[in-house]
Amino acid sequence: MNTQCIIDYLSALSMNNNREWYHANKSDFKKANEEFEELLQALMLEIGKFDSSILHNNPKDLTFKIVRDTRFSHDKSPYNPAFRAHISSKGKLPVPVGYYLMIKPGDQSFLGGGLFADMFKDATSMIRDYIVQNGEEWEKIIHDPEFEKYFTVQGTALKKVPAGYDKEHPQAEYLKFKSWYLEYPLKDEELINPEIFSAKAADIFRVMKPFNDYLNKALVDFQMPVR
């Protein structure tokens, strides 16, 4: 594995974010993408030591396109200079929640987990209801010393506790949330040695797993909307 190849390509794309450059350097993209898929495979083998549910995945099925949808954006740059993947028991679908990796040069890379998408109202309601009924378990997970060493729960949130929920509930602040996710930032230098990175990333994902498991218990009956 050559993670420097990934960093170099994405850095160049960031400085030359246009279709002409992209197509002229398509072979470099292919090489960097292959290295990213190799990295994902190595990472999955490490994650598999504590979560075997993800091992059946093919790395190429977990990645996201770098082409941007610019129809409703002021930024018309055609590409997102980042390699991204979501690893879960059902691949890259947002539910069940799993382990997210984004590599973006300039110390913008991160490891993530939880529910990032807040457009699924059913999922939001399921998690809120589960927190209401299982607040002590929630507190135990997010205040575990090892968890707090790496993470703070993030997410888009309402200003007030939504209608139908107790404003005085012990977890009222988290009932305001519409998404619940974790991010662990990475510096470019942490990506240079792929073996060391894979082991460290997997260890951080191991600490994240109880949080993901909690959300997945809440989302066990969730059905992805049919397009």
# chains A, B, ... in the order shown; residues from 1 in each chain; ligands from 1

$ select_by_dssp --residues "region 38-223 of chain A" --states "alpha helix (DSSP H)" --output "PyMOL selection string"
chain A and resi 38-47+121-133+135-142+145-150+172-175+194-218

$ residues_around --residues "region 129-136 of chain A" --least-positions-apart "3" --cutoff "6 Å" --atoms "only C-alpha atoms" --output "ChimeraX atom specification"
/A:126,139,218

$ closest_residue --among "A:Leu215, A:Leu55, A:Ala82, A:Leu45" --to "Arg68 (chain A)" --atoms "only C-alpha atoms"
A:Ala82

$ select_by_dssp --residues "region 23-185 of chain A" --states "strand (DSSP E or B)" --output "ChimeraX atom specification"
/A:63,67,79,83-87,99-103,109-115,154,157,177,180-185

$ write_last_selection --atoms "N, CA, C and O atoms" --output "mmCIF file, in the first residue's frame"
data_model
loop_
_atom_site.group_PDB
_atom_site.id
_atom_site.type_symbol
_atom_site.label_atom_id
_atom_site.label_comp_id
_atom_site.auth_asym_id
_atom_site.auth_seq_id
_atom_site.Cartn_x
_atom_site.Cartn_y
_atom_site.Cartn_z
ATOM 1 N N THR A 63 -17.086 2.679 -1.286
ATOM 2 C CA THR A 63 -16.552 4.013 -1.563
ATOM 3 C C THR A 63 -17.607 4.922 -2.200
ATOM 4 O O THR A 63 -18.594 4.463 -2.774
ATOM 5 N N VAL A 67 -17.083 12.849 -7.798
ATOM 6 C CA VAL A 67 -17.829 13.831 -8.594
ATOM 7 C C VAL A 67 -18.885 14.484 -7.711
ATOM 8 O O VAL A 67 -19.623 13.815 -6.998
ATOM 9 N N TYR A 79 -15.339 18.362 -8.570
ATOM 10 C CA TYR A 79 -14.880 17.201 -7.809
ATOM 11 C C TYR A 79 -14.671 17.534 -6.332
ATOM 12 O O TYR A 79 -14.319 18.656 -5.980
ATOM 13 N N PHE A 83 -11.204 10.966 -0.651
ATOM 14 C CA PHE A 83 -11.651 9.583 -0.789
ATOM 15 C C PHE A 83 -12.438 9.231 0.472
ATOM 16 O O PHE A 83 -11.958 9.445 1.599
ATOM 17 N N ARG A 84 -13.650 8.692 0.280
ATOM 18 C CA ARG A 84 -14.550 8.438 1.399
ATOM 19 C C ARG A 84 -15.108 7.029 1.314
ATOM 20 O O ARG A 84 -15.323 6.496 0.220
ATOM 21 N N ALA A 85 -15.379 6.456 2.486
ATOM 22 C CA ALA A 85 -15.973 5.118 2.534
ATOM 23 C C ALA A 85 -16.731 4.941 3.836
ATOM 24 O O ALA A 85 -16.381 5.530 4.866
ATOM 25 N N HIS A 86 -17.783 4.149 3.796
ATOM 26 C CA HIS A 86 -18.550 3.787 4.983
ATOM 27 C C HIS A 86 -18.590 2.266 5.055
ATOM 28 O O HIS A 86 -19.002 1.601 4.112
ATOM 29 N N ILE A 87 -18.153 1.732 6.184
ATOM 30 C CA ILE A 87 -18.045 0.288 6.373
ATOM 31 C C ILE A 87 -19.066 -0.150 7.412
ATOM 32 O O ILE A 87 -18.976 0.232 8.584
ATOM 33 N N TYR A 99 -18.608 2.480 10.271
ATOM 34 C CA TYR A 99 -17.307 3.133 10.427
ATOM 35 C C TYR A 99 -17.002 3.926 9.155
ATOM 36 O O TYR A 99 -16.961 3.369 8.056
ATOM 37 N N TYR A 100 -16.784 5.220 9.333
ATOM 38 C CA TYR A 100 -16.613 6.124 8.194
ATOM 39 C C TYR A 100 -15.173 6.622 8.150
ATOM 40 O O TYR A 100 -14.596 6.990 9.174
ATOM 41 N N LEU A 101 -14.627 6.631 6.946
ATOM 42 C CA LEU A 101 -13.272 7.150 6.740
ATOM 43 C C LEU A 101 -13.300 8.162 5.615
ATOM 44 O O LEU A 101 -13.833 7.890 4.538
ATOM 45 N N MET A 102 -12.754 9.336 5.868
ATOM 46 C CA MET A 102 -12.539 10.326 4.815
ATOM 47 C C MET A 102 -11.075 10.727 4.811
ATOM 48 O O MET A 102 -10.536 11.125 5.851
ATOM 49 N N ILE A 103 -10.443 10.599 3.661
ATOM 50 C CA ILE A 103 -9.073 11.070 3.488
ATOM 51 C C ILE A 103 -9.117 12.318 2.617
ATOM 52 O O ILE A 103 -9.569 12.282 1.467
ATOM 53 N N SER A 109 -8.730 15.071 7.081
ATOM 54 C CA SER A 109 -9.213 13.693 7.137
ATOM 55 C C SER A 109 -9.809 13.405 8.508
ATOM 56 O O SER A 109 -9.475 14.064 9.496
ATOM 57 N N PHE A 110 -10.704 12.419 8.570
ATOM 58 C CA PHE A 110 -11.231 12.018 9.868
ATOM 59 C C PHE A 110 -11.838 10.627 9.829
ATOM 60 O O PHE A 110 -12.174 10.102 8.764
ATOM 61 N N LEU A 111 -11.946 10.036 11.022
ATOM 62 C CA LEU A 111 -12.671 8.792 11.233
ATOM 63 C C LEU A 111 -14.021 9.163 11.830
ATOM 64 O O LEU A 111 -14.099 10.043 12.690
ATOM 65 N N GLY A 112 -15.080 8.529 11.368
ATOM 66 C CA GLY A 112 -16.398 8.887 11.846
ATOM 67 C C GLY A 112 -17.261 7.676 12.147
ATOM 68 O O GLY A 112 -16.952 6.548 11.769
ATOM 69 N N GLY A 113 -18.364 7.946 12.840
ATOM 70 C CA GLY A 113 -19.327 6.904 13.136
ATOM 71 C C GLY A 113 -20.648 7.507 13.541
ATOM 72 O O GLY A 113 -20.757 8.722 13.767
ATOM 73 N N GLY A 114 -21.672 6.675 13.654
ATOM 74 C CA GLY A 114 -22.985 7.165 14.028
ATOM 75 C C GLY A 114 -23.823 7.536 12.826
ATOM 76 O O GLY A 114 -23.483 7.216 11.686
ATOM 77 N N LEU A 115 -24.915 8.250 13.073
ATOM 78 C CA LEU A 115 -25.844 8.650 12.023
ATOM 79 C C LEU A 115 -25.549 10.080 11.595
ATOM 80 O O LEU A 115 -25.819 11.023 12.335
ATOM 81 N N GLN A 154 -21.717 14.710 18.289
ATOM 82 C CA GLN A 154 -22.052 15.872 17.475
ATOM 83 C C GLN A 154 -23.329 15.595 16.682
ATOM 84 O O GLN A 154 -23.794 14.465 16.617
ATOM 85 N N ALA A 157 -29.088 19.921 15.391
ATOM 86 C CA ALA A 157 -30.031 19.876 16.510
ATOM 87 C C ALA A 157 -31.026 21.018 16.448
ATOM 88 O O ALA A 157 -30.757 22.084 15.877
ATOM 89 N N PHE A 177 -31.352 16.591 19.170
ATOM 90 C CA PHE A 177 -30.562 16.236 17.994
ATOM 91 C C PHE A 177 -31.438 15.607 16.914
ATOM 92 O O PHE A 177 -32.427 14.922 17.193
ATOM 93 N N TRP A 180 -26.792 12.003 15.148
ATOM 94 C CA TRP A 180 -25.875 11.768 16.268
ATOM 95 C C TRP A 180 -24.643 11.095 15.682
ATOM 96 O O TRP A 180 -24.702 9.948 15.228
ATOM 97 N N TYR A 181 -23.518 11.824 15.663
ATOM 98 C CA TYR A 181 -22.331 11.230 15.047
ATOM 99 C C TYR A 181 -21.056 11.606 15.802
ATOM 100 O O TYR A 181 -21.054 12.492 16.670
ATOM 101 N N LEU A 182 -19.994 10.907 15.442
ATOM 102 C CA LEU A 182 -18.688 11.091 16.060
ATOM 103 C C LEU A 182 -17.659 11.380 14.976
ATOM 104 O O LEU A 182 -17.759 10.845 13.872
ATOM 105 N N GLU A 183 -16.686 12.213 15.293
ATOM 106 C CA GLU A 183 -15.576 12.473 14.375
ATOM 107 C C GLU A 183 -14.266 12.494 15.154
ATOM 108 O O GLU A 183 -14.191 13.117 16.215
ATOM 109 N N TYR A 184 -13.264 11.811 14.597
ATOM 110 C CA TYR A 184 -11.919 11.852 15.160
ATOM 111 C C TYR A 184 -10.994 12.387 14.075
ATOM 112 O O TYR A 184 -10.775 11.732 13.049
ATOM 113 N N PRO A 185 -10.450 13.603 14.244
ATOM 114 C CA PRO A 185 -9.642 14.219 13.188
ATOM 115 C C PRO A 185 -8.291 13.532 13.011
ATOM 116 O O PRO A 185 -7.705 13.003 13.968
#

$ atom_distance --atom1 "CA of Ala201 (chain A)" --atom2 "CA of Pro94 (chain A)"
19.6 Å

$ closest_residue --among "A:Tyr174, A:Leu186, A:Met119, A:Gly91" --to "Pro225 (chain A)" --atoms "only C-alpha atoms"
A:Met119

$ closest_residue --among "A:Leu191, A:Leu13, A:Cys5, A:Leu39" --to "Asp107 (chain A)" --atoms "only C-alpha atoms"
A:Leu191

$ atom_distance --atom1 "CA of Met44 (chain A)" --atom2 "CA of Lys209 (chain A)"
13.8 Å

$ residues_around --residues "Leu43 (chain A)" --least-positions-apart "3" --cutoff "12 Å" --atoms "only C-alpha atoms" --output "PyMOL selection string"
chain A and resi 1+36-40+46-51+54-55+57+59+85-87+99-101+111+194-206

$ closest_residue --among "A:Gly155, A:Lys167, A:Ile66, A:Ala117" --to "Pro96 (chain A)" --atoms "only C-alpha atoms"
A:Ala117

$ residues_around --residues "Ile142 (chain A)" --least-positions-apart "6" --cutoff "8 Å" --atoms "only C-alpha atoms" --output "compact mmCIF listing (two decimals) with N, CA and C atoms, in the first residue's frame"
# COMPACT_ATOMS: atom_id res chain seq x y z
N GLU A 148 -14.58 9.20 25.97
CA GLU A 148 -14.39 10.65 26.10
C GLU A 148 -12.99 11.09 25.69
N THR A 152 -16.70 13.41 21.22
CA THR A 152 -17.83 14.15 21.76
C THR A 152 -18.96 13.98 20.76
N VAL A 153 -20.15 13.66 21.22
CA VAL A 153 -21.27 13.46 20.31
C VAL A 153 -21.62 14.76 19.61
N PHE A 211 -21.18 2.81 20.81
CA PHE A 211 -22.03 3.91 20.36
C PHE A 211 -22.81 3.50 19.11

$ atom_distance --atom1 "CA of Lys217 (chain A)" --atom2 "CA of Lys140 (chain A)"
15.6 Å

$ decode --residues "region 155-172 of chain A" --atoms "N, CA, C and O atoms" --output "JSON list (two decimals), in the first residue's frame"
[["chain", "number", "residue", "atom", "x", "y", "z"],
["A", 155, "GLY", "N", -23.88, 16.63, 16.06],
["A", 155, "GLY", "CA", -25.05, 16.44, 15.21],
["A", 155, "GLY", "C", -25.84, 17.71, 15.05],
["A", 155, "GLY", "O", -25.74, 18.63, 15.86],
["A", 156, "THR", "N", -26.63, 17.79, 13.98],
["A", 156, "THR", "CA", -27.55, 18.90, 13.81],
["A", 156, "THR", "C", -28.63, 18.79, 14.88],
["A", 156, "THR", "O", -29.05, 17.69, 15.23],
["A", 157, "ALA", "N", -29.09, 19.92, 15.39],
["A", 157, "ALA", "CA", -30.03, 19.88, 16.51],
["A", 157, "ALA", "C", -31.03, 21.02, 16.45],
["A", 157, "ALA", "O", -30.76, 22.08, 15.88],
["A", 158, "LEU", "N", -32.17, 20.79, 17.05],
["A", 158, "LEU", "CA", -33.18, 21.82, 17.21],
["A", 158, "LEU", "C", -32.80, 22.72, 18.39],
["A", 158, "LEU", "O", -31.98, 22.34, 19.23],
["A", 159, "LYS", "N", -33.41, 23.89, 18.47],
["A", 159, "LYS", "CA", -33.15, 24.78, 19.60],
["A", 159, "LYS", "C", -33.89, 24.32, 20.85],
["A", 159, "LYS", "O", -33.45, 24.58, 21.98],
["A", 160, "LYS", "N", -35.01, 23.63, 20.65],
["A", 160, "LYS", "CA", -35.82, 23.18, 21.78],
["A", 160, "LYS", "C", -36.09, 21.68, 21.67],
["A", 160, "LYS", "O", -36.01, 21.11, 20.58],
["A", 161, "VAL", "N", -36.42, 21.06, 22.79],
["A", 161, "VAL", "CA", -36.83, 19.66, 22.78],
["A", 161, "VAL", "C", -38.10, 19.56, 21.93],
["A", 161, "VAL", "O", -39.04, 20.35, 22.11],
["A", 162, "PRO", "N", -38.14, 18.63, 20.97],
["A", 162, "PRO", "CA", -39.29, 18.57, 20.07],
["A", 162, "PRO", "C", -40.58, 18.18, 20.79],
["A", 162, "PRO", "O", -40.57, 17.57, 21.86],
["A", 163, "ALA", "N", -41.68, 18.56, 20.19],
["A", 163, "ALA", "CA", -43.01, 18.26, 20.75],
["A", 163, "ALA", "C", -43.16, 16.76, 20.95],
["A", 163, "ALA", "O", -42.71, 15.96, 20.12],
["A", 164, "GLY", "N", -43.78, 16.40, 22.07],
["A", 164, "GLY", "CA", -44.01, 14.99, 22.35],
["A", 164, "GLY", "C", -42.96, 14.38, 23.27],
["A", 164, "GLY", "O", -43.09, 13.23, 23.68],
["A", 165, "TYR", "N", -41.92, 15.16, 23.58],
["A", 165, "TYR", "CA", -40.85, 14.67, 24.46],
["A", 165, "TYR", "C", -40.76, 15.57, 25.70],
["A", 165, "TYR", "O", -41.00, 16.77, 25.63],
["A", 166, "ASP", "N", -40.39, 14.96, 26.81],
["A", 166, "ASP", "CA", -40.32, 15.65, 28.09],
["A", 166, "ASP", "C", -39.14, 16.61, 28.12],
["A", 166, "ASP", "O", -37.99, 16.19, 27.98],
["A", 167, "LYS", "N", -39.42, 17.89, 28.31],
["A", 167, "LYS", "CA", -38.35, 18.89, 28.37],
["A", 167, "LYS", "C", -37.43, 18.68, 29.56],
["A", 167, "LYS", "O", -36.29, 19.16, 29.57],
["A", 168, "GLU", "N", -37.91, 17.97, 30.59],
["A", 168, "GLU", "CA", -37.12, 17.72, 31.79],
["A", 168, "GLU", "C", -36.44, 16.35, 31.77],
["A", 168, "GLU", "O", -35.88, 15.93, 32.78],
["A", 169, "HIS", "N", -36.52, 15.66, 30.67],
["A", 169, "HIS", "CA", -35.90, 14.33, 30.58],
["A", 169, "HIS", "C", -34.40, 14.46, 30.81],
["A", 169, "HIS", "O", -33.78, 15.44, 30.36],
["A", 170, "PRO", "N", -33.78, 13.51, 31.51],
["A", 170, "PRO", "CA", -32.33, 13.59, 31.80],
["A", 170, "PRO", "C", -31.45, 13.75, 30.55],
["A", 170, "PRO", "O", -30.39, 14.35, 30.61],
["A", 171, "GLN", "N", -31.93, 13.22, 29.42],
["A", 171, "GLN", "CA", -31.16, 13.32, 28.17],
["A", 171, "GLN", "C", -31.82, 14.32, 27.20],
["A", 171, "GLN", "O", -31.69, 14.19, 25.98],
["A", 172, "ALA", "N", -32.49, 15.32, 27.76],
["A", 172, "ALA", "CA", -33.24, 16.28, 26.94],
["A", 172, "ALA", "C", -32.36, 16.94, 25.87],
["A", 172, "ALA", "O", -32.80, 17.16, 24.74]]
